[in-house]
file start-v5.txt (compact mmCIF, C-alpha atoms)
# COMPACT_ATOMS: atom_id res chain seq x y z
CA MET N 1 0.00 0.00 0.00
CA PHE N 2 1.34 3.43 -0.94
CA ASP N 3 0.19 6.89 -2.02
CA VAL N 4 -0.52 6.24 -5.68
CA ALA N 5 -1.38 9.89 -6.35
CA LEU N 6 2.03 11.16 -5.27
CA LYS N 7 3.94 13.11 -7.88
CA SER N 8 7.20 11.48 -6.84
CA ALA N 9 5.55 8.10 -7.44
CA GLY N 10 4.90 9.14 -11.02
CA ALA N 11 1.34 10.46 -10.81
CA SER N 12 0.57 13.67 -12.69
CA VAL N 13 -2.07 16.36 -13.00
CA VAL N 14 -3.38 16.25 -16.56
CA LEU N 15 -6.09 18.89 -16.26
CA ALA N 16 -6.88 21.74 -13.90
CA SER N 17 -9.56 24.40 -14.31
CA SER N 18 -7.32 27.01 -12.66
CA SER N 19 -3.58 27.25 -12.96
CA ASP N 20 -2.01 30.30 -11.44
CA GLU N 21 1.67 29.48 -11.90
CA LYS N 22 2.39 30.60 -8.32
CA TYR N 23 -0.04 28.00 -6.94
CA PRO N 24 -0.03 25.22 -9.54
CA PRO N 25 -2.14 22.05 -9.36
CA GLU N 26 1.00 19.91 -8.91
CA ASN N 27 1.09 21.27 -5.35
CA ILE N 28 -1.85 18.98 -4.60
CA ILE N 29 0.22 15.82 -5.14
CA ASP N 30 3.62 16.87 -3.78
CA GLY N 31 2.91 15.31 -0.39
CA ASN N 32 3.25 18.65 1.39
CA SER N 33 0.23 20.42 2.87
CA ASP N 34 2.11 23.74 3.14
CA THR N 35 1.92 24.11 -0.63
CA PHE N 36 -1.45 24.37 -2.34
CA TRP N 37 -3.40 24.77 -5.55
CA SER N 38 -5.70 27.76 -5.59
CA SER N 39 -8.81 28.11 -7.68
CA THR N 40 -8.90 31.50 -9.39
CA GLY N 41 -12.60 32.24 -9.46
CA LEU N 42 -15.90 30.69 -10.62
CA PHE N 43 -17.35 27.23 -10.13
CA PRO N 44 -17.22 24.39 -10.89
CA GLN N 45 -13.50 23.72 -10.57
CA GLU N 46 -11.83 20.45 -11.37
CA VAL N 47 -8.55 18.60 -11.28
CA VAL N 48 -7.74 15.31 -13.03
CA ILE N 49 -4.89 13.14 -11.74
CA THR N 50 -3.47 10.27 -13.78
CA TYR N 51 -1.71 7.34 -12.09
CA THR N 52 1.31 5.57 -13.51
CA SER N 53 -0.81 2.47 -14.10
CA MET N 54 -4.14 0.98 -13.08
CA MET N 55 -4.43 1.21 -9.29
CA ARG N 56 -6.68 -0.44 -6.75
CA MET N 57 -7.72 2.39 -4.40
CA SER N 58 -8.61 1.82 -0.75
CA ARG N 59 -8.73 5.30 0.82
CA ILE N 60 -8.73 8.91 -0.32
CA GLU N 61 -7.73 11.79 1.97
CA ILE N 62 -8.02 15.44 1.12
CA ALA N 63 -6.87 18.62 2.86
CA CYS N 64 -8.58 21.69 1.45
CA TYR N 65 -10.11 25.07 2.36
CA ASN N 66 -13.42 26.81 1.62
CA VAL N 67 -14.70 23.81 -0.35
CA LYS N 68 -18.45 23.23 -0.11
CA ASN N 69 -19.66 20.57 -2.55
CA VAL N 70 -17.01 18.15 -3.73
CA MET N 71 -17.37 15.14 -6.00
CA PHE N 72 -14.86 12.40 -6.77
CA GLN N 73 -14.97 10.43 -10.00
CA TYR N 74 -12.73 7.77 -11.53
CA SER N 75 -11.94 6.42 -14.96
CA LYS N 76 -10.48 3.06 -16.02
CA ASP N 77 -9.78 4.12 -19.59
CA ILE N 78 -6.30 4.76 -20.90
CA GLU N 79 -7.36 8.31 -21.75
CA PRO N 80 -9.04 10.36 -18.98
CA LEU N 81 -12.54 9.81 -20.33
CA ASN N 82 -15.78 8.11 -19.25
CA PHE N 83 -15.64 9.11 -15.61
CA GLN N 84 -17.94 7.38 -13.15
CA ASP N 85 -19.09 8.75 -9.81
CA LEU N 86 -17.23 7.58 -6.73
CA PHE N 87 -18.75 9.76 -4.02
CA GLU N 88 -19.90 13.25 -3.27
CA LYS N 89 -19.98 15.30 -0.07
CA GLU N 90 -20.93 18.70 1.28
CA LEU N 91 -18.19 20.00 3.59
CA ASP N 92 -18.70 22.40 6.47
CA SER N 93 -16.89 25.71 6.57
CA THR N 94 -13.83 25.56 8.85
CA ASP N 95 -12.78 29.06 9.72
CA GLY N 96 -9.01 29.39 9.92
CA GLN N 97 -8.12 25.72 9.54
CA LEU N 98 -7.95 23.14 6.79
CA GLN N 99 -10.85 20.87 5.97
CA LEU N 100 -9.54 17.33 6.48
CA GLU N 101 -11.64 14.57 4.99
CA GLU N 102 -11.14 10.83 4.65
CA PHE N 103 -13.12 8.57 2.37
CA PRO N 104 -12.85 4.79 2.31
CA VAL N 105 -12.90 3.47 -1.24
CA ASN N 106 -13.82 -0.15 -1.61
CA ASN N 107 -10.93 -1.35 -3.79
CA VAL N 108 -12.15 0.56 -6.82
CA GLU N 109 -9.78 0.17 -9.75
CA ALA N 110 -8.83 3.33 -11.60
CA GLN N 111 -6.32 4.88 -13.97
CA HIS N 112 -7.49 8.46 -13.37
CA LEU N 113 -9.10 10.38 -10.52
CA ARG N 114 -11.16 13.52 -11.03
CA VAL N 115 -11.98 15.94 -8.22
CA VAL N 116 -14.83 18.34 -9.00
CA ILE N 117 -15.54 21.25 -6.68
CA GLU N 118 -19.07 22.28 -7.49
CA SER N 119 -19.31 25.13 -5.01
CA GLY N 120 -17.37 26.88 -2.29
CA HIS N 121 -17.85 28.73 0.97
CA ASP N 122 -16.10 31.67 -0.71
CA HIS N 123 -15.14 32.82 -4.21
CA PHE N 124 -11.86 30.92 -4.02
CA VAL N 125 -10.93 27.47 -2.73
CA SER N 126 -7.63 25.68 -2.19
CA ILE N 127 -6.54 22.06 -2.17
CA HIS N 128 -3.39 21.51 -0.12
CA LYS N 129 -2.97 17.77 -0.29
CA LEU N 130 -4.57 14.72 -1.82
CA THR N 131 -3.53 11.22 -0.78
CA VAL N 132 -4.79 8.05 -2.38
CA ASN N 133 -3.84 4.84 -0.63
CA GLY N 134 -3.72 1.97 -3.03
CA THR N 135 -1.77 -0.72 -4.80
CA ALA N 136 -0.72 -1.26 -8.36
CA ILE N 137 -2.57 -3.95 -10.27
CA HIS N 138 -0.11 -6.23 -11.95
CA GLY N 139 -0.69 -8.21 -15.10
CA MET C 1 -13.90 27.66 -17.68
CA ARG C 2 -11.53 24.91 -18.76
CA HIS C 3 -8.19 25.89 -20.09
CA PRO C 4 -5.44 23.65 -21.42
CA LYS C 5 -2.57 23.47 -18.97
CA GLY C 6 -0.25 26.42 -19.18
CA GLU C 7 -2.86 28.68 -20.72
CA TRP C 8 -4.41 30.17 -17.64
CA PRO C 9 -5.68 33.61 -18.63
CA GLY C 10 -5.98 35.17 -15.18
CA VAL C 11 -8.36 35.53 -12.26
CA ASN C 12 -11.79 34.51 -13.53
CA THR C 13 -14.46 37.02 -12.67
CA LEU C 14 -18.17 36.73 -13.28
CA LEU C 15 -19.72 40.17 -13.43
CA ARG C 16 -23.45 40.25 -13.08
CA ALA C 17 -25.12 43.41 -14.37
CA VAL C 18 -28.60 44.03 -12.95
CA GLY C 19 -31.22 46.74 -13.19
CA ASP C 20 -34.60 47.43 -14.80
CA SER C 21 -35.01 46.76 -18.50
CA THR C 22 -34.01 49.61 -20.85
CA VAL C 23 -31.52 51.14 -18.38
CA GLY C 24 -28.70 50.11 -20.73
CA LYS C 25 -27.05 47.06 -19.14
CA SER C 26 -26.42 45.36 -22.49
CA SER C 27 -25.15 48.56 -24.10
CA ILE C 28 -22.73 49.27 -21.27
CA CYS C 29 -21.33 45.72 -21.41
CA GLN C 30 -21.12 45.76 -25.19
CA VAL C 31 -19.38 49.13 -25.32
CA PHE C 32 -16.79 47.95 -22.81
CA HIS C 33 -16.43 44.58 -24.51
CA SER C 34 -15.87 46.09 -27.95
CA ASP C 35 -13.40 48.76 -26.82
CA ASN C 36 -15.88 51.58 -27.23
CA SER C 37 -16.53 50.99 -30.88
CA HIS C 38 -20.00 49.56 -30.68
CA PHE C 39 -23.36 50.84 -29.60
CA SER C 40 -26.52 49.14 -30.72
CA LYS C 41 -28.91 51.78 -32.01
CA ASN C 42 -31.87 49.46 -32.05
CA TYR C 43 -32.79 48.31 -28.62
CA THR C 44 -33.29 44.55 -28.46
CA MET C 45 -34.69 43.06 -25.31
CA THR C 46 -32.40 40.56 -23.66
CA THR C 47 -34.45 37.43 -23.31
CA GLY C 48 -31.97 35.01 -21.89
CA VAL C 49 -28.31 35.30 -21.11
CA GLU C 50 -25.63 37.18 -22.86
CA LEU C 51 -22.10 36.40 -21.83
CA LEU C 52 -19.27 38.58 -23.06
CA VAL C 53 -15.66 37.82 -22.17
CA LYS C 54 -12.79 40.26 -22.00
CA LEU C 55 -9.26 40.15 -20.62
CA VAL C 56 -8.42 43.11 -18.39
CA ASN C 57 -4.85 44.02 -17.48
CA ILE C 58 -4.09 44.73 -13.85
CA PRO C 59 -1.99 47.91 -13.54
CA ASP C 60 1.56 47.54 -12.20
CA SER C 61 1.60 43.78 -12.69
CA LYS C 62 1.72 41.27 -15.48
CA ASP C 63 -1.48 39.70 -14.20
CA LYS C 64 -4.81 39.74 -15.93
CA VAL C 65 -8.42 39.31 -15.02
CA GLU C 66 -10.70 37.38 -17.32
CA LEU C 67 -14.01 39.17 -17.03
CA TYR C 68 -17.20 37.33 -17.93
CA MET C 69 -19.98 39.85 -18.29
CA PHE C 70 -23.35 38.41 -17.56
CA ASP C 71 -26.15 40.70 -18.53
CA SER C 72 -29.21 39.25 -16.86
CA ALA C 73 -32.57 39.78 -18.48
CA GLY C 74 -34.32 42.85 -17.13
CA LYS C 75 -37.69 41.24 -17.66
CA GLU C 76 -38.05 38.40 -15.26
CA ILE C 77 -37.92 35.45 -17.62
CA PHE C 78 -35.34 33.08 -16.25
CA SER C 79 -34.57 29.49 -17.02
CA GLU C 80 -33.31 27.06 -14.43
CA LEU C 81 -29.91 27.13 -16.08
CA VAL C 82 -29.72 30.89 -15.73
CA GLN C 83 -30.71 30.66 -12.08
CA LYS C 84 -27.91 28.19 -11.37
CA PHE C 85 -25.34 30.33 -13.09
CA TRP C 86 -26.43 33.32 -11.04
CA GLU C 87 -25.77 31.66 -7.76
CA GLN C 88 -22.13 32.60 -7.49
CA PRO C 89 -21.30 35.88 -9.25
CA SER C 90 -17.93 37.40 -8.38
CA VAL C 91 -18.93 41.05 -8.61
CA VAL C 92 -22.13 43.00 -9.19
CA MET C 93 -23.01 46.06 -11.27
CA VAL C 94 -26.32 47.80 -10.52
CA VAL C 95 -27.41 50.03 -13.38
CA TYR C 96 -30.06 52.75 -13.52
CA ASP C 97 -31.17 55.38 -16.00
CA VAL C 98 -30.69 58.97 -14.74
CA THR C 99 -33.94 59.97 -16.48
CA SER C 100 -36.00 57.32 -14.69
CA GLU C 101 -37.02 57.57 -11.05
CA VAL C 102 -38.47 54.04 -11.21
CA SER C 103 -35.19 52.51 -12.40
CA PHE C 104 -33.33 54.27 -9.59
CA SER C 105 -35.70 53.11 -6.89
CA SER C 106 -35.43 49.52 -8.22
CA CYS C 107 -31.70 49.43 -7.50
CA ALA C 108 -32.11 48.35 -3.88
CA LYS C 109 -34.33 45.44 -4.94
CA TRP C 110 -31.86 44.29 -7.61
CA LEU C 111 -28.94 44.51 -5.24
CA GLU C 112 -30.74 42.54 -2.57
CA ARG C 113 -31.61 39.79 -5.06
CA VAL C 114 -27.96 39.28 -5.86
CA ARG C 115 -26.68 39.56 -2.32
CA CYS C 116 -29.24 37.27 -0.72
CA GLN C 117 -27.95 34.31 -2.74
CA LYS C 118 -24.65 34.26 -0.85
CA PRO C 119 -25.07 36.62 2.09
CA GLU C 120 -21.91 35.43 3.86
CA THR C 121 -19.64 36.09 0.87
CA LYS C 122 -18.12 39.48 0.13
CA LEU C 123 -19.37 40.77 -3.21
CA PRO C 124 -17.59 43.82 -4.62
CA GLY C 125 -20.04 46.07 -6.45
CA VAL C 126 -20.70 49.30 -8.29
CA VAL C 127 -23.67 51.51 -9.05
CA VAL C 128 -23.68 52.85 -12.61
CA ALA C 129 -25.83 55.87 -13.49
CA ASN C 130 -26.34 55.61 -17.26
CA LYS C 131 -27.64 57.97 -19.96
CA THR C 132 -25.84 61.10 -18.74
CA ASP C 133 -26.06 62.31 -22.35
CA LEU C 134 -29.76 63.06 -21.71
CA ASP C 135 -28.78 65.91 -19.43
CA GLU C 136 -31.92 68.03 -19.89
CA ARG C 137 -34.10 65.06 -18.90
CA ARG C 138 -32.00 64.00 -15.94
CA ILE C 139 -33.98 63.64 -12.71
CA ILE C 140 -31.62 61.60 -10.52
CA SER C 141 -28.79 63.79 -9.28
CA PRO C 142 -25.22 62.58 -8.86
CA LYS C 143 -25.65 63.24 -5.14
CA ALA C 144 -28.63 60.87 -4.84
CA GLY C 145 -26.73 58.18 -6.75
CA MET C 146 -23.63 58.60 -4.62
CA GLU C 147 -25.62 58.42 -1.41
CA PHE C 148 -27.29 55.19 -2.50
CA ALA C 149 -23.93 53.71 -3.45
CA GLU C 150 -22.25 54.72 -0.23
CA SER C 151 -25.01 53.44 2.02
CA ASN C 152 -24.79 50.06 0.30
CA GLY C 153 -21.02 49.70 0.28
CA LEU C 154 -20.77 50.22 -3.47
CA LYS C 155 -18.69 52.54 -5.64
CA TYR C 156 -20.52 55.13 -7.76
CA PHE C 157 -19.88 55.69 -11.47
CA GLU C 158 -21.76 57.53 -14.17
CA CYS C 159 -21.56 57.08 -17.91
CA SER C 160 -23.20 57.39 -21.26
CA ALA C 161 -23.18 54.12 -23.17
CA LYS C 162 -24.64 55.94 -26.17
CA GLU C 163 -21.82 58.50 -26.28
CA MET C 164 -19.34 55.84 -25.11
CA GLN C 165 -18.26 58.09 -22.29
CA ASN C 166 -16.71 56.82 -19.08
CA VAL C 167 -18.04 53.28 -19.57
CA ASP C 168 -14.77 51.51 -18.78
CA ALA C 169 -14.04 52.87 -15.31
CA ALA C 170 -16.60 50.73 -13.48
CA PHE C 171 -15.37 47.54 -15.16
CA TYR C 172 -11.73 48.27 -14.36
CA TYR C 173 -12.66 49.03 -10.77
CA LEU C 174 -14.53 45.71 -10.39
CA ALA C 175 -11.79 43.68 -12.09
CA ASN C 176 -9.25 45.22 -9.72
CA GLU C 177 -11.39 44.65 -6.65
CA PHE C 178 -11.84 40.96 -7.44
CA TYR C 179 -8.15 40.61 -8.22
CA LYS C 180 -7.33 42.15 -4.82
CA LEU C 181 -9.76 39.76 -3.16
CA TYR C 182 -7.95 36.83 -4.80
CA GLN C 183 -4.61 38.12 -3.50
CA GLU C 184 -6.05 38.43 0.02
CA LYS C 185 -7.50 34.91 -0.03
CA VAL C 186 -4.28 33.38 -1.26
CA GLU C 187 -2.49 34.98 1.70
CA ILE C 188 -4.98 33.20 3.97
CA PHE C 189 -4.36 29.87 2.19
CA LYS C 190 -0.65 30.35 2.86
CA THR C 191 -1.22 30.45 6.61
CA MET C 192 -2.79 26.97 6.60
CA SER C 193 -1.10 23.65 6.73

call {"tool": "encode", "arguments": {"input": "start-v5.txt", "output": "structure tokens"}}
result
Amino acid sequence: MFDVALKSAGASVVLASSSDEKYPPENIIDGNSDTFWSSTGLFPQEVVITYTSMMRMSRIEIACYNVKNVMFQYSKDIEPLNFQDLFEKELDSTDGQLQLEEFPVNNVEAQHLRVVIESGHDHFVSIHKLTVNGTAIHG
Amino acid sequence: MRHPKGEWPGVNTLLRAVGDSTVGKSSICQVFHSDNSHFSKNYTMTTGVELLVKLVNIPDSKDKVELYMFDSAGKEIFSELVQKFWEQPSVVMVVYDVTSEVSFSSCAKWLERVRCQKPETKLPGVVVANKTDLDERRIISPKAGMEFAESNGLKYFECSAKEMQNVDAAFYYLANEFYKLYQEKVEIFKTMS
């Protein structure tokens, strides 16, 4: 079991709806919650992360701020297409501290993960860290 | 608002222009959008949504704001889609016609309709007094407009969309305000870990 979404493990961000070069989406998967990706206005916002290979996911953790409605989707295709819903949640506002959420994922197999932020508690939201515990599927 | 990686245009700002029909919301947005070279002589009622997009430079920086101008229908014919899009505007522009008492007194109602959707979120806004070219027919004084703006936490501007005079200032002000808000929020994100 390891963090299959980690940049240093080969995962990459292939799409982001905001990309201020000072707060790029790669900050989500660098394993450091001091760095962050900032949305730059309007909703929905989305980020798509592609794993090095097909992964079996067991748990997703996210550290974010000002996020209200968030939806996770996954795709098994080689290209990041045909996403299916994984789960969706409305998060409470946490004044002055990060929103920390953990979602068990029942061994869903995926090549890509898509995070859609449908609304926020403010005009702008940030994602500081995303961790996906999982294992590579061999053969 | 999807952009290929590396092609981020700037802070994305949804400007919602509100006010009674015929006050000139569409004209103001169109004049700004087309760099003051366009004014529609024939008034056409806005039935749905018109979305104009323009990149605005932020002074003293290399940053830009991508301004989406959303000119809501003055007549109250709204689809569900329009309603949903309205829910989270970035900034608001309340427009009235200086020759129309009714349009001026409607401003409070229009403002409230926008603000009540997200009462906890700061919404930078302006009041725009349009049709200053009709000076002899003017009944709303600059003083009355300014007082309304001030008491509602808005900045006051006046213009003539027809003469293409002073239309840009309100847009530049709003783009800058939202850009500043983004800078402030990012500073807050930096304090978290």

call {"tool": "closest_residue", "arguments": {"input": "start-v5.txt", "among": "C:Arg115, C:Lys185, C:Lys109, C:Lys131", "to": "Val92 (chain C)", "atoms": "all atoms listed in the file"}}
result
C:Arg115

call {"tool": "closest_residue", "arguments": {"input": "start-v5.txt", "among": "N:Leu91, N:Gly96, N:Val70, N:Phe103", "to": "Thr131 (chain N)", "atoms": "only C-alpha atoms"}}
result
N:Phe103

call {"tool": "interface_residues", "arguments": {"input": "start-v5.txt", "of": "chain C", "to": "chain N", "cutoff": "6 Å", "atoms": "all atoms listed in the file", "output": "ChimeraX atom specification"}}
result
/C:2,8,11-12,121,193

call {"tool": "write_last_selection", "arguments": {"input": "start-v5.txt", "atoms": "C-alpha atoms", "output": "JSON list (two decimals), in the coordinates of the input"}}
result
[["chain", "number", "residue", "atom", "x", "y", "z"],
["C", 2, "ARG", "CA", -11.53, 24.91, -18.76],
["C", 8, "TRP", "CA", -4.41, 30.17, -17.64],
["C", 11, "VAL", "CA", -8.36, 35.53, -12.26],
["C", 12, "ASN", "CA", -11.79, 34.51, -13.53],
["C", 121, "THR", "CA", -19.64, 36.09, 0.87],
["C", 193, "SER", "CA", -1.10, 23.65, 6.73]]

call {"tool": "residues_around", "arguments": {"input": "start-v5.txt", "residues": "Glu136 (chain C)", "least_positions_apart": "4", "cutoff": "12 Å", "atoms": "only C-alpha atoms", "output": "ChimeraX atom specification"}}
result
/C:98-99,131-132,140-141

call {"tool": "write_last_selection", "arguments": {"input": "start-v5.txt", "atoms": "C-alpha atoms", "output": "mmCIF file, in the coordinates of the input"}}
result
data_model
loop_
_atom_site.group_PDB
_atom_site.id
_atom_site.type_symbol
_atom_site.label_atom_id
_atom_site.label_comp_id
_atom_site.auth_asym_id
_atom_site.auth_seq_id
_atom_site.Cartn_x
_atom_site.Cartn_y
_atom_site.Cartn_z
ATOM 1 C CA VAL C 98 -30.690 58.970 -14.740
ATOM 2 C CA THR C 99 -33.940 59.970 -16.480
ATOM 3 C CA LYS C 131 -27.640 57.970 -19.960
ATOM 4 C CA THR C 132 -25.840 61.100 -18.740
ATOM 5 C CA ILE C 140 -31.620 61.600 -10.520
ATOM 6 C CA SER C 141 -28.790 63.790 -9.280
#

call {"tool": "residues_around", "arguments": {"input": "start-v5.txt", "residues": "Ala17 (chain C)", "least_positions_apart": "3", "cutoff": "12 Å", "atoms": "all atoms listed in the file", "output": "PyMOL selection string"}}
result
chain C and resi 14+20-21+23-30+49-52+68-74+86+89-96+107+110-111+113-114+125-128+170-171+174

call {"tool": "atom_distance", "arguments": {"input": "start-v5.txt", "atom1": "CA of Lys62 (chain C)", "atom2": "CA of Tyr179 (chain C)"}}
result
12.3 Å

call {"tool": "atom_distance", "arguments": {"input": "start-v5.txt", "atom1": "CA of Val4 (chain N)", "atom2": "CA of Val115 (chain N)"}}
result
15.2 Å

call {"tool": "atom_distance", "arguments": {"input": "start-v5.txt", "atom1": "CA of Ala11 (chain N)", "atom2": "CA of Leu86 (chain N)"}}
result
19.2 Å

call {"tool": "residues_around", "arguments": {"input": "start-v5.txt", "residues": "Gly31 (chain N)", "least_positions_apart": "5", "cutoff": "10 Å", "atoms": "all atoms listed in the file", "output": "list in words"}}
result
Asp3, Ala5, Leu6, Lys7, Ser8, Glu26, His128, Lys129, Leu130 and Thr131 of chain N

call {"tool": "closest_atom_pairs", "arguments": {"input": "start-v5.txt", "of": "region 18-114 of chain N", "to": "region 133-136 of chain N", "cutoff": "12 Å", "atoms": "all atoms listed in the file", "output": "JSON lines"}}
result
{"residue": "N:Tyr51", "atom": "CA", "partner": "N:Ala136", "partner_atom": "CA", "distance": 9.4}
{"residue": "N:Thr52", "atom": "CA", "partner": "N:Ala136", "partner_atom": "CA", "distance": 8.8}
{"residue": "N:Ser53", "atom": "CA", "partner": "N:Ala136", "partner_atom": "CA", "distance": 6.8}
{"residue": "N:Met54", "atom": "CA", "partner": "N:Ala136", "partner_atom": "CA", "distance": 6.2}
{"residue": "N:Met55", "atom": "CA", "partner": "N:Ala136", "partner_atom": "CA", "distance": 4.6}
{"residue": "N:Arg56", "atom": "CA", "partner": "N:Thr135", "partner_atom": "CA", "distance": 5.3}
{"residue": "N:Met57", "atom": "CA", "partner": "N:Gly134", "partner_atom": "CA", "distance": 4.2}
{"residue": "N:Ser58", "atom": "CA", "partner": "N:Gly134", "partner_atom": "CA", "distance": 5.4}
{"residue": "N:Arg59", "atom": "CA", "partner": "N:Asn133", "partner_atom": "CA", "distance": 5.1}
{"residue": "N:Ile60", "atom": "CA", "partner": "N:Asn133", "partner_atom": "CA", "distance": 6.4}
{"residue": "N:Glu61", "atom": "CA", "partner": "N:Asn133", "partner_atom": "CA", "distance": 8.4}
{"residue": "N:Ile62", "atom": "CA", "partner": "N:Asn133", "partner_atom": "CA", "distance": 11.5}
{"residue": "N:Glu102", "atom": "CA", "partner": "N:Asn133", "partner_atom": "CA", "distance": 10.8}
{"residue": "N:Phe103", "atom": "CA", "partner": "N:Asn133", "partner_atom": "CA", "distance": 10.4}
{"residue": "N:Pro104", "atom": "CA", "partner": "N:Asn133", "partner_atom": "CA", "distance": 9.5}
{"residue": "N:Val105", "atom": "CA", "partner": "N:Asn133", "partner_atom": "CA", "distance": 9.2}
{"residue": "N:Asn106", "atom": "CA", "partner": "N:Gly134", "partner_atom": "CA", "distance": 10.4}
{"residue": "N:Asn107", "atom": "CA", "partner": "N:Gly134", "partner_atom": "CA", "distance": 8.0}
{"residue": "N:Val108", "atom": "CA", "partner": "N:Gly134", "partner_atom": "CA", "distance": 9.3}
{"residue": "N:Glu109", "atom": "CA", "partner": "N:Gly134", "partner_atom": "CA", "distance": 9.2}
{"residue": "N:Ala110", "atom": "CA", "partner": "N:Ala136", "partner_atom": "CA", "distance": 9.9}
{"residue": "N:Gln111", "atom": "CA", "partner": "N:Ala136", "partner_atom": "CA", "distance": 10.0}

call {"tool": "residues_around", "arguments": {"input": "start-v5.txt", "residues": "Asn82 (chain N)", "least_positions_apart": "4", "cutoff": "12 Å", "atoms": "all atoms listed in the file", "output": "number ranges by chain"}}
result
N: 73-78, 110-114

call {"tool": "residues_near_point", "arguments": {"input": "start-v5.txt", "point": "(-6.0, 41.1, -11.8)", "cutoff": "10 Å", "atoms": "only C-alpha atoms", "output": "ChimeraX atom specification"}}
result
/C:10-13,55-67,172,174-183

call {"tool": "axis_aligned_box", "arguments": {"input": "start-v5.txt", "around": "region 62-72 of chain C", "padding_each_side": "6 Å", "output": "JSON"}}
result
{"center_x": -13.7, "center_y": 39.3, "center_z": -16.4, "size_x": 42.9, "size_y": 15.9, "size_z": 16.3}

call {"tool": "residues_around", "arguments": {"input": "start-v5.txt", "residues": "Gln165 (chain C)", "least_positions_apart": "3", "cutoff": "12 Å", "atoms": "all atoms listed in the file", "output": "PDB file with C-alpha atoms, in the coordinates of the input"}}
result
ATOM      1  CA  SER C  27     -25.150  48.560 -24.100  1.00  0.00           C
ATOM      2  CA  ILE C  28     -22.730  49.270 -21.270  1.00  0.00           C
ATOM      3  CA  VAL C  31     -19.380  49.130 -25.320  1.00  0.00           C
ATOM      4  CA  PHE C  32     -16.790  47.950 -22.810  1.00  0.00           C
ATOM      5  CA  ASP C  35     -13.400  48.760 -26.820  1.00  0.00           C
ATOM      6  CA  ASN C  36     -15.880  51.580 -27.230  1.00  0.00           C
ATOM      7  CA  SER C  37     -16.530  50.990 -30.880  1.00  0.00           C
ATOM      8  CA  PHE C  39     -23.360  50.840 -29.600  1.00  0.00           C
ATOM      9  CA  ALA C 129     -25.830  55.870 -13.490  1.00  0.00           C
ATOM     10  CA  ASN C 130     -26.340  55.610 -17.260  1.00  0.00           C
ATOM     11  CA  LYS C 131     -27.640  57.970 -19.960  1.00  0.00           C
ATOM     12  CA  THR C 132     -25.840  61.100 -18.740  1.00  0.00           C
ATOM     13  CA  ASP C 133     -26.060  62.310 -22.350  1.00  0.00           C
ATOM     14  CA  PHE C 157     -19.880  55.690 -11.470  1.00  0.00           C
ATOM     15  CA  GLU C 158     -21.760  57.530 -14.170  1.00  0.00           C
ATOM     16  CA  CYS C 159     -21.560  57.080 -17.910  1.00  0.00           C
ATOM     17  CA  SER C 160     -23.200  57.390 -21.260  1.00  0.00           C
ATOM     18  CA  ALA C 161     -23.180  54.120 -23.170  1.00  0.00           C
ATOM     19  CA  LYS C 162     -24.640  55.940 -26.170  1.00  0.00           C
ATOM     20  CA  ASP C 168     -14.770  51.510 -18.780  1.00  0.00           C
ATOM     21  CA  ALA C 169     -14.040  52.870 -15.310  1.00  0.00           C
ATOM     22  CA  ALA C 170     -16.600  50.730 -13.480  1.00  0.00           C
TER      23      ALA C 170
END

call {"tool": "closest_residue", "arguments": {"input": "start-v5.txt", "among": "N:Lys22, N:Ile49, N:Val132, N:Val67", "to": "Gln99 (chain N)", "atoms": "all atoms listed in the file"}}
result
N:Val67
